[in-house]
Each structure stands twice: as structure tokens, then as C-alpha cells.
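Q: My structure is stored as my_file33.pdb, with PDB, C-alpha atoms, pLDDT in the B column.
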```pdb
ATOM      1  CA  GLN A  61     223.304  70.716  12.075  1.00 75.00           C
ATOM      2  CA  VAL A  62     219.673  70.442  11.027  1.00 84.00           C
ATOM      3  CA  GLN A  63     217.120  73.076  11.860  1.00 91.00           C
ATOM      4  CA  LEU A  64     213.416  72.346  11.875  1.00 94.00           C
ATOM      5  CA  VAL A  65     211.079  75.283  11.389  1.00 94.00           C
ATOM      6  CA  GLU A  66     207.449  74.733  12.319  1.00 95.00           C
ATOM      7  CA  SER A  67     204.374  76.709  11.407  1.00 94.00           C
ATOM      8  CA  GLY A  68     200.628  76.429  11.616  1.00 94.00           C
ATOM      9  CA  GLY A  69     199.814  76.203  15.302  1.00 93.00           C
ATOM     10  CA  GLY A  70     197.136  78.289  16.941  1.00 96.00           C
ATOM     11  CA  SER A  71     193.753  78.215  18.602  1.00 97.00           C
ATOM     12  CA  VAL A  72     190.695  76.434  17.311  1.00 97.00           C
ATOM     13  CA  GLN A  73     187.292  75.433  18.612  1.00 98.00           C
ATOM     14  CA  PRO A  74     186.444  71.793  19.328  1.00 98.00           C
ATOM     15  CA  GLY A  75     185.676  69.971  16.130  1.00 98.00           C
ATOM     16  CA  GLY A  76     187.887  72.283  14.113  1.00 98.00           C
ATOM     17  CA  SER A  77     190.980  71.612  12.050  1.00 98.00           C
ATOM     18  CA  LEU A  78     194.564  72.797  11.937  1.00 98.00           C
ATOM     19  CA  ARG A  79     197.478  72.021   9.683  1.00 98.00           C
ATOM     20  CA  LEU A  80     201.032  71.991  10.972  1.00 98.00           C
ATOM     21  CA  SER A  81     204.015  72.202   8.682  1.00 98.00           C
ATOM     22  CA  CYS A  82     207.710  71.692   9.274  1.00 97.00           C
ATOM     23  CA  ALA A  83     210.665  72.348   7.010  1.00 94.00           C
ATOM     24  CA  ALA A  84     214.082  70.792   7.578  1.00 91.00           C
ATOM     25  CA  SER A  85     217.035  72.985   6.654  1.00 88.00           C
ATOM     26  CA  ILE A  86     219.098  70.352   4.903  1.00 76.00           C
ATOM     27  CA  SER A  87     219.448  70.005   1.190  1.00 63.00           C
ATOM     28  CA  THR A  88     221.927  67.196   0.754  1.00 73.00           C
ATOM     29  CA  LEU A  89     220.439  64.652   3.115  1.00 75.00           C
ATOM     30  CA  ARG A  90     217.009  63.221   3.479  1.00 82.00           C
ATOM     31  CA  PRO A  91     215.938  62.496   7.042  1.00 89.00           C
ATOM     32  CA  ASN A  92     215.295  58.833   7.529  1.00 91.00           C
ATOM     33  CA  ARG A  93     212.270  59.635   9.617  1.00 94.00           C
ATOM     34  CA  MET A  94     210.189  62.747  10.176  1.00 95.00           C
ATOM     35  CA  GLY A  95     207.153  63.294  12.251  1.00 97.00           C
ATOM     36  CA  TRP A  96     205.363  65.027  15.071  1.00 98.00           C
ATOM     37  CA  TYR A  97     205.329  64.624  18.832  1.00 98.00           C
ATOM     38  CA  ARG A  98     203.330  66.557  21.362  1.00 98.00           C
ATOM     39  CA  GLN A  99     203.583  67.453  25.015  1.00 98.00           C
ATOM     40  CA  ALA A 100     200.696  68.600  27.139  1.00 97.00           C
ATOM     41  CA  PRO A 101     201.224  70.338  30.493  1.00 92.00           C
ATOM     42  CA  GLY A 102     202.277  67.851  33.146  1.00 94.00           C
ATOM     43  CA  LYS A 103     202.598  65.009  30.653  1.00 96.00           C
ATOM     44  CA  GLU A 104     205.448  63.349  28.834  1.00 97.00           C
ATOM     45  CA  ARG A 105     206.162  64.001  25.199  1.00 97.00           C
ATOM     46  CA  GLU A 106     204.380  61.473  23.022  1.00 98.00           C
ATOM     47  CA  LEU A 107     204.383  60.423  19.423  1.00 98.00           C
ATOM     48  CA  VAL A 108     201.566  61.773  17.277  1.00 98.00           C
ATOM     49  CA  ALA A 109     202.582  60.493  13.860  1.00 98.00           C
ATOM     50  CA  ALA A 110     205.770  59.817  11.964  1.00 97.00           C
ATOM     51  CA  VAL A 111     206.832  58.384   8.659  1.00 96.00           C
ATOM     52  CA  THR A 112     210.027  56.604   7.712  1.00 93.00           C
ATOM     53  CA  SER A 113     211.395  57.239   4.267  1.00 88.00           C
ATOM     54  CA  ASP A 114     209.437  55.294   1.683  1.00 78.00           C
ATOM     55  CA  GLY A 115     207.599  53.489   4.423  1.00 85.00           C
ATOM     56  CA  PRO A 116     204.154  53.556   5.991  1.00 90.00           C
ATOM     57  CA  ALA A 117     203.137  56.170   8.492  1.00 95.00           C
ATOM     58  CA  ASP A 118     202.876  55.412  12.194  1.00 96.00           C
ATOM     59  CA  TYR A 119     200.040  56.986  14.145  1.00 98.00           C
ATOM     60  CA  ALA A 120     199.276  57.110  17.822  1.00 98.00           C
ATOM     61  CA  ASP A 121     195.917  55.554  18.585  1.00 98.00           C
ATOM     62  CA  PHE A 122     194.418  58.952  19.401  1.00 98.00           C
ATOM     63  CA  ALA A 123     195.483  60.256  15.981  1.00 98.00           C
ATOM     64  CA  LYS A 124     194.138  57.430  13.842  1.00 97.00           C
ATOM     65  CA  GLY A 125     191.200  58.498  11.745  1.00 97.00           C
ATOM     66  CA  ARG A 126     191.599  62.171  12.631  1.00 98.00           C
ATOM     67  CA  PHE A 127     195.154  63.175  11.723  1.00 98.00           C
ATOM     68  CA  VAL A 128     197.022  62.696   8.469  1.00 98.00           C
ATOM     69  CA  ILE A 129     200.779  63.039   8.121  1.00 97.00           C
ATOM     70  CA  SER A 130     202.423  63.737   4.800  1.00 96.00           C
ATOM     71  CA  ARG A 131     205.990  64.220   3.634  1.00 94.00           C
ATOM     72  CA  ASP A 132     207.411  66.066   0.684  1.00 91.00           C
ATOM     73  CA  TYR A 133     210.717  64.355   0.090  1.00 88.00           C
ATOM     74  CA  ALA A 134     211.892  66.856  -2.470  1.00 87.00           C
ATOM     75  CA  LYS A 135     211.379  69.770  -0.092  1.00 89.00           C
ATOM     76  CA  ASN A 136     212.278  67.927   3.140  1.00 89.00           C
ATOM     77  CA  THR A 137     209.020  68.952   4.724  1.00 93.00           C
ATOM     78  CA  VAL A 138     206.456  67.163   6.826  1.00 96.00           C
ATOM     79  CA  SER A 139     202.898  68.257   7.494  1.00 98.00           C
ATOM     80  CA  LEU A 140     200.208  67.173   9.888  1.00 98.00           C
ATOM     81  CA  GLN A 141     196.564  67.728   9.054  1.00 98.00           C
ATOM     82  CA  MET A 142     194.542  67.569  12.251  1.00 98.00           C
ATOM     83  CA  ASN A 143     190.775  67.222  12.091  1.00 98.00           C
ATOM     84  CA  SER A 144     188.030  66.813  14.664  1.00 98.00           C
ATOM     85  CA  LEU A 145     190.187  68.415  17.307  1.00 98.00           C
ATOM     86  CA  SER A 146     189.196  68.175  20.936  1.00 98.00           C
ATOM     87  CA  PRO A 147     190.456  69.945  24.073  1.00 97.00           C
ATOM     88  CA  GLU A 148     192.511  66.822  24.820  1.00 97.00           C
ATOM     89  CA  ASP A 149     194.623  67.669  21.782  1.00 98.00           C
ATOM     90  CA  THR A 150     195.823  70.879  23.401  1.00 98.00           C
ATOM     91  CA  ALA A 151     199.604  70.662  23.617  1.00 98.00           C
ATOM     92  CA  VAL A 152     202.859  71.929  22.222  1.00 98.00           C
ATOM     93  CA  TYR A 153     203.544  70.060  19.008  1.00 98.00           C
ATOM     94  CA  TYR A 154     207.150  69.354  18.041  1.00 98.00           C
ATOM     95  CA  CYS A 155     208.512  68.482  14.654  1.00 97.00           C
ATOM     96  CA  TYR A 156     211.046  65.668  14.711  1.00 95.00           C
ATOM     97  CA  ALA A 157     213.632  64.397  12.281  1.00 95.00           C
ATOM     98  CA  ARG A 158     216.047  61.527  12.469  1.00 93.00           C
ATOM     99  CA  VAL A 159     219.133  61.369  10.301  1.00 91.00           C
ATOM    100  CA  VAL A 160     221.077  58.122  10.247  1.00 89.00           C
ATOM    101  CA  LEU A 161     224.657  58.259   9.070  1.00 87.00           C
ATOM    102  CA  VAL A 162     227.251  56.323  10.994  1.00 88.00           C
ATOM    103  CA  ARG A 163     225.374  57.425  14.072  1.00 90.00           C
ATOM    104  CA  VAL A 164     221.768  58.348  14.747  1.00 91.00           C
ATOM    105  CA  PHE A 165     221.042  62.060  15.009  1.00 91.00           C
ATOM    106  CA  ASP A 166     217.693  63.261  16.336  1.00 93.00           C
ATOM    107  CA  TYR A 167     216.535  66.823  15.818  1.00 94.00           C
ATOM    108  CA  TRP A 168     213.613  68.762  17.251  1.00 96.00           C
ATOM    109  CA  GLY A 169     211.806  71.905  16.284  1.00 96.00           C
ATOM    110  CA  GLN A 170     211.107  74.669  18.748  1.00 96.00           C
ATOM    111  CA  GLY A 171     207.497  73.599  19.188  1.00 96.00           C
ATOM    112  CA  THR A 172     204.223  75.191  18.200  1.00 97.00           C
ATOM    113  CA  GLN A 173     201.259  75.628  20.518  1.00 97.00           C
ATOM    114  CA  VAL A 174     197.923  74.082  19.606  1.00 98.00           C
ATOM    115  CA  THR A 175     195.002  75.112  21.792  1.00 98.00           C
ATOM    116  CA  VAL A 176     191.539  73.625  21.399  1.00 98.00           C
ATOM    117  CA  ALA A 177     188.904  75.436  23.421  1.00 97.00           C
ATOM    118  CA  PRO A 178     185.347  76.752  23.028  1.00 95.00           C
TER     119      PRO A 178
END
```
Go ahead and express the file in the form of C-alpha cells.
A:
Amino acid sequence: QVQLVESGGGSVQPGGSLRLSCAASISTLRPNRMGWYRQAPGKERELVAAVTSDGPADYADFAKGRFVISRDYAKNTVSLQMNSLSPEDTAVYYCYARVVLVRVFDYWGQGTQVTVAP
């Protein structure tokens, strides 16, 4: 079982920045993919950004140019630097990890609230 522990959510004014971090509680395996999704009230969960091991990062269109995802493979962590935040970015942000062995295992963090408001 993999646990994902998130930190860094909170409230910020429009135009501000936040950094989210997530640590995966596994030491012997490296997730094949880690990233962030978000879910706003009344909307479906959507990809924000994710990175496959040793591969390029994938960004949602709304995240390009504003958000930067980074992974620390040694520590099994993933971070999301969010800049130029707008009220439309208000959502619960979920850390995600995929481990591929014989089967595919997807894991989710508990979610962290990001609120962007004046």
C-alpha cells in the first residue's frame, strides 16, 4: 500500500503563488508516474500536471506557463509550483501516483484545498 501525504495548500490572493508538495511512502519502488489533479465544486477531477519517470512533464492547457511540476526521485516526492493564480484555480488538489508491476496501481492523496480569492 502506498500513502501519499500532501502539504502546501491554503488561501492566496489572485496573482499570488502557492507550492504543493507530496511525499509517497514507499522506499523500494519508484512510482512510474506522479502528478497532480484537481477538482472544483460541481466539476470532474482533471489533470493539472504529471510526469512519468525519466520523461517529460504533461501539463493541462490552463497550467502551461503558470505551473511547474518537479519530482525528486530519490525522495519519491512531487511538487507543484503554482504562479499567477486566479479564482478559477480554486479547487481541491490531489496528489497522484501510479505504480506498474504486473498490474497498474493508482494511488491518491487525501487532497489539499487551494482557494484563490481577493
Q: Could you give me, as CSV, every range 88-109 of chain A residue with an atom at most 10 Å from range 68-82 of chain A, plus its closest atom pair and distance in Å to one decimal, counting only C-alpha atoms, rows ordered by chain then number?
A:
```
residue,atom,partner,partner_atom,distance
A:Met94,CA,A:Cys82,CA,9.3
A:Gly95,CA,A:Cys82,CA,8.9
A:Trp96,CA,A:Cys82,CA,9.1
```
Q: To test your reading of the syntax: which residues would the PyMOL selection byres ((chain A and resi 111) around 9) return for the file shown? Reply as a PDB file with C-alpha atoms, keeping the file's coordinate frame.
A:
```
ATOM      1  CA  ASN A  92     215.295  58.833   7.529  1.00 91.00           C
ATOM      2  CA  ARG A  93     212.270  59.635   9.617  1.00 94.00           C
ATOM      3  CA  MET A  94     210.189  62.747  10.176  1.00 95.00           C
ATOM      4  CA  GLY A  95     207.153  63.294  12.251  1.00 97.00           C
ATOM      5  CA  ALA A 109     202.582  60.493  13.860  1.00 98.00           C
ATOM      6  CA  ALA A 110     205.770  59.817  11.964  1.00 97.00           C
ATOM      7  CA  THR A 112     210.027  56.604   7.712  1.00 93.00           C
ATOM      8  CA  SER A 113     211.395  57.239   4.267  1.00 88.00           C
ATOM      9  CA  ASP A 114     209.437  55.294   1.683  1.00 78.00           C
ATOM     10  CA  GLY A 115     207.599  53.489   4.423  1.00 85.00           C
ATOM     11  CA  PRO A 116     204.154  53.556   5.991  1.00 90.00           C
ATOM     12  CA  ALA A 117     203.137  56.170   8.492  1.00 95.00           C
ATOM     13  CA  ASP A 118     202.876  55.412  12.194  1.00 96.00           C
ATOM     14  CA  TYR A 119     200.040  56.986  14.145  1.00 98.00           C
ATOM     15  CA  ILE A 129     200.779  63.039   8.121  1.00 97.00           C
ATOM     16  CA  SER A 130     202.423  63.737   4.800  1.00 96.00           C
ATOM     17  CA  ARG A 131     205.990  64.220   3.634  1.00 94.00           C
ATOM     18  CA  VAL A 138     206.456  67.163   6.826  1.00 96.00           C
TER      19      VAL A 138
END
```
Q: Once the PyMOL selection byres ((chain A and resi 169) around 9) has been applied to the shown file, what residues remain in the selection, as number ranges by chain?
A: A: 63-66, 82, 153-157, 167-168, 170-172
Q: Please identify all polymer residues within 9 Å of Pro91 in chain A, counting all atoms listed in the file, omitting same-chain residues fewer than 5 positions from it, and present them as a list in words.
A: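 Once the adjacent positions are removed, what remains is Ala84, Ile86, Thr112, Ser113, Tyr133, Asn136, Ala157, Arg158, Val159 and Val160 of chain A.
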Q: Could you tell me how far CA of Phe127 in chain A lies from CA of Leu107 in chain A, in Å and to one decimal?
A: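 Distance between the two atoms: 12.3 Å.
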Q: Any idea what the distance is between CA of Val62 in chain A and CA of Val162 in chain A?
A: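 Interatomic distance here is 16.0 Å.
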Q: Choose the residue, out of A:Ala134, A:Val176, A:Ala100, A:Leu145, that has the smallest atom-to-atom separation from Phe122 in chain A; count only C-alpha atoms.
A: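 Looking only at the distances to Phe122 in chain A, the closest residue turns out to be A:Leu145.
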Q: Figure out the distance between CA of Arg98 in chain A and CA of Asp166 in chain A, please, to one decimal in Å.
A: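 Answer for the CA of Asp166 in chain A to CA of Arg98 in chain A separation: 15.6 Å.
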Q: Using all atoms listed in the file, give me every residue within 6 Å of (198.8, 71.9, 21.8) in file coordinates, as a PyMOL selection string.
A: chain A and resi 149-153+173-175
Q: Please determine an axis-aligned box that encloses all atoms of range 166-178 of chain A listed in the file, with 5 Å added on each side, and express its centre and edge lengths in Å to one decimal as AutoDock Vina command-line options.
A:
```
--center_x 201.5 --center_y 70.0 --center_z 19.6 --size_x 42.3 --size_y 23.5 --size_z 17.6
```
Q: When distances are computed from all atoms listed in the file, which of A:Glu148, A:Val128, A:Gln61, A:Asn143 shows the smallest separation from Thr88 in chain A?
A: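 Closest to Thr88 in chain A, using all atoms listed in the file: A:Gln61.
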Q: Go through A:Lys135, A:Gly102, A:Leu140, A:Arg163 and flag the residue nearest Leu89 in chain A, using all atoms listed in the file for the distances.
A: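 Comparing A:Lys135, A:Gly102, A:Leu140, A:Arg163 against Leu89 in chain A, the winner is A:Lys135.
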Q: Which of these, A:Val164, A:Ala120, A:Ala177, A:Ala83, has the shortest distance to Asp132 in chain A once you count only C-alpha atoms?
A: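 Of all the options, A:Ala83 lies closest to Asp132 in chain A.
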